[in-house]
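Everything on this sheet refers to the single structure shown next.
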Amino acid sequence: SGFLPGTTSTPSDLVRLGEIALQNPVIAQIAAQPQADLPLVGTVHNVNVLLDNAGIIGLKTGNTDQAGGCFLFAAAYAPMPNRSVTIVGAVMGAPDLGAALQESLPLLASARRNFVVQTFAQAGQPIGSYTTAWGAAAQIISPEDVSAVVWRDSPVKPDVSIDRVSAAVTKNQRVGSITVHAGNNASSHPLVTAQA
């Protein structure tokens with residue numbers, strides 16, 4: 001509650017709440033505003049002075065005598081084009097709010113260093129093939145690089161699914177997919193034929 005030490009939360013609790021808050025686009029948009037104009041009040045400035053710095057997009061600041069300075073933050077991170085993650089972290093018990101804000105920056109930098117881009121297949125790489133009873137063949141390839149942003153040393157599982165065909169296939173026909181499972185995230189990428 002901010003008044004009773006026995007009601008203290010934990011950083012992992014706050015991170016989970018932050019993840020839930022970001023799933024609501026209205027809450028995420030409000031938390032990302034540096035200021036807002038409110039009826040009867042006027043302009044209210046967000047005390048999160050780190051907004052728009054180091055990719056920080058929110059979420060909540062707080063400080064009381066009992067809790068010290070606290071900062072639940074979210075930051076966008078794109079280690080490669082079209083592949084991004086949102087990092088959510090929490091600092092609790094800092095001497096004051098300013099210290100909590102500053103302590104979030106090395107924590108955020110540390111988290112960024114632990115995300116890596118892992119490539120599972122390169123564009124044009126053969127993944128499999130179709131062969132007819134009379135010996136004609138068509139390779140199955142990935143038309144694009146299959147990459148994922150993953151937490152360093154976390155288990156990653158790519159699953160390949162190839163369609164059964166009972167008729168002729170054309171060049172560049174989609175015939176399956178590679179789905180990369182990394183933590184709680186999954187991304188699916190097409191597989192196509194390299195020739196008819």
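Labels for the structure tokens follow display order: chains A, B, ..., residues from 1 in each chain, ligands from 1.
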
What are the closest atom pairs, with distances in Å to one decimal, for each residue of stretch 69-151 of chain A lying within 10 Å of stretch 30-51 of chain A, using only C-alpha atoms, rows by chain and rising residue number, as JSON lines?
```
{"residue": "A:Phe71", "atom": "CA", "partner": "A:Asn48", "partner_atom": "CA", "distance": 8.6}
{"residue": "A:Phe73", "atom": "CA", "partner": "A:Asn48", "partner_atom": "CA", "distance": 9.3}
{"residue": "A:Ala74", "atom": "CA", "partner": "A:Ala32", "partner_atom": "CA", "distance": 9.5}
{"residue": "A:Ala75", "atom": "CA", "partner": "A:Leu51", "partner_atom": "CA", "distance": 9.1}
{"residue": "A:Leu97", "atom": "CA", "partner": "A:Val47", "partner_atom": "CA", "distance": 9.3}
{"residue": "A:Gly98", "atom": "CA", "partner": "A:Val49", "partner_atom": "CA", "distance": 9.1}
{"residue": "A:Leu101", "atom": "CA", "partner": "A:Leu50", "partner_atom": "CA", "distance": 7.3}
{"residue": "A:Gln102", "atom": "CA", "partner": "A:Leu50", "partner_atom": "CA", "distance": 8.8}
{"residue": "A:Ser104", "atom": "CA", "partner": "A:Leu50", "partner_atom": "CA", "distance": 9.6}
{"residue": "A:Leu105", "atom": "CA", "partner": "A:Leu50", "partner_atom": "CA", "distance": 9.2}
```

Print the selection's residues with C-alpha atoms to a file, as a PDB file, in the first residue's frame.
```pdb
ATOM      1  CA  PHE A  71      10.332   2.636 -11.079  1.00  0.00           C
ATOM      2  CA  PHE A  73       9.833   0.628 -16.725  1.00  0.00           C
ATOM      3  CA  ALA A  74       9.264  -0.679 -20.224  1.00  0.00           C
ATOM      4  CA  ALA A  75      11.599  -0.110 -23.134  1.00  0.00           C
ATOM      5  CA  LEU A  97      12.727   8.517  -7.228  1.00  0.00           C
ATOM      6  CA  GLY A  98      15.660  10.114  -9.062  1.00  0.00           C
ATOM      7  CA  LEU A 101      15.197   6.254 -12.499  1.00  0.00           C
ATOM      8  CA  GLN A 102      18.996   6.332 -12.839  1.00  0.00           C
ATOM      9  CA  SER A 104      17.066   1.525 -14.283  1.00  0.00           C
ATOM     10  CA  LEU A 105      19.519   2.537 -17.040  1.00  0.00           C
TER      11      LEU A 105
END
```

(request) Would you mind listing what lies within 12 Å of A:Gln173 as a PyMOL selection string, with only C-alpha atoms counted and same-chain residues fewer than 4 positions away left out? (result) chain A and resi 138-143+162-163+165+168-169+177+190-196

(request) Tell me which of A:Ala94, A:Val149, A:Ala182, A:Ala100 sits closest to A:Asn114, counting only C-alpha atoms. (result) A:Val149

(request) Would you mind telling me which residue in A:Gly18, A:Pro5, A:Gly135, A:Gly183 lies nearest to A:Ala90 when using only C-alpha atoms? (result)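 Once distances to A:Ala90 are computed over only C-alpha atoms, the minimum belongs to A:Gly18.
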
(message) If we count only C-alpha atoms and set the cut-off at 10 Å, which residues sit around stretch 20-28 of chain A, ignoring sequence neighbours fewer than 5 positions away in its own chain? Please answer as a PyMOL selection string.
(response) chain A and resi 14-15+33+57-59+74+86+88

(message) Need to verify the contact set: A:Ser9, 12 Å, only C-alpha atoms, exclusion of same-chain residues closer than 5 positions in sequence. Can you return it as an MDAnalysis selection string?
(response) chainID A and resid 1:2 4 14:17 66:67 70 72 90:93

Output the selection as a PDB file, in the first residue's frame - C-alpha atoms for each residue.
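Once written, result.pdb looks like this:
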```
ATOM      1  CA  SER A   1       0.000   0.000   0.000  1.00  0.00           C
ATOM      2  CA  GLY A   2       2.989   2.299   0.441  1.00  0.00           C
ATOM      3  CA  LEU A   4       2.592  -0.705   5.629  1.00  0.00           C
ATOM      4  CA  LEU A  14       5.660  -5.505 -10.667  1.00  0.00           C
ATOM      5  CA  VAL A  15       7.182  -6.797 -13.913  1.00  0.00           C
ATOM      6  CA  ARG A  16       4.217  -9.140 -14.388  1.00  0.00           C
ATOM      7  CA  LEU A  17       1.800  -6.247 -13.761  1.00  0.00           C
ATOM      8  CA  GLN A  66       8.291   3.267   3.328  1.00  0.00           C
ATOM      9  CA  ALA A  67       8.983   2.047  -0.229  1.00  0.00           C
ATOM     10  CA  CYS A  70      10.453   2.792  -7.294  1.00  0.00           C
ATOM     11  CA  LEU A  72       8.515   0.081 -13.221  1.00  0.00           C
ATOM     12  CA  ALA A  90      11.532  -2.815 -11.937  1.00  0.00           C
ATOM     13  CA  VAL A  91      13.730  -0.944  -9.479  1.00  0.00           C
ATOM     14  CA  MET A  92      12.540  -0.862  -5.865  1.00  0.00           C
ATOM     15  CA  GLY A  93      13.846   0.580  -2.624  1.00  0.00           C
TER      16      GLY A  93
END
```

(request) Using atom CA of A:Tyr77 and atom CA of A:Gln125 as the two end points, give the distance in Å to one decimal. (result) 28.2 Å

(message) For the strand (DSSP E) assignment from backbone DSSP, which residues of chain A qualify? Please present them as a PyMOL selection string.
(response) chain A and resi 35-38+42-45+56-64+68-80+83-94+115-121+126-131+137-141+146-151+156-162+174-182+185-193

(message) Taking only C-alpha atoms into account, name the residue in A:Leu108, A:Ala54, A:Val116, A:Ala99 that is nearest to A:Ile87.
(response)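 Closest candidate: A:Leu108.
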
(message) Between A:Asn63, A:Thr170, A:Ser188, A:Ser84, which residue has the minimum interatomic distance to A:Phe115, considering only C-alpha atoms?
(response) A:Ser84

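Atom CA of A:Gly124 is found 26.4 Å from atom CA of A:Arg152.
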
Which parts of stretch 101-159 of chain A does DSSP call alpha helix (DSSP H) when run on the backbone here, written out as a compact mmCIF listing (two decimals) with C-alpha atoms, in the first residue's frame?
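Saved file result.txt follows:
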```
# COMPACT_ATOMS: atom_id res chain seq x y z
CA LEU A 101 15.20 6.25 -12.50
CA GLN A 102 19.00 6.33 -12.84
CA GLU A 103 19.40 2.76 -11.54
CA SER A 104 17.07 1.52 -14.28
CA LEU A 105 19.52 2.54 -17.04
CA PRO A 106 22.31 0.03 -16.28
CA LEU A 107 19.66 -2.64 -15.64
CA LEU A 108 18.16 -1.94 -19.05
CA ALA A 109 21.60 -1.95 -20.71
CA SER A 110 22.37 -5.30 -19.10
CA ALA A 111 19.11 -6.78 -20.37
CA ARG A 112 19.81 -5.56 -23.91
CA ARG A 113 23.23 -7.24 -23.90
```
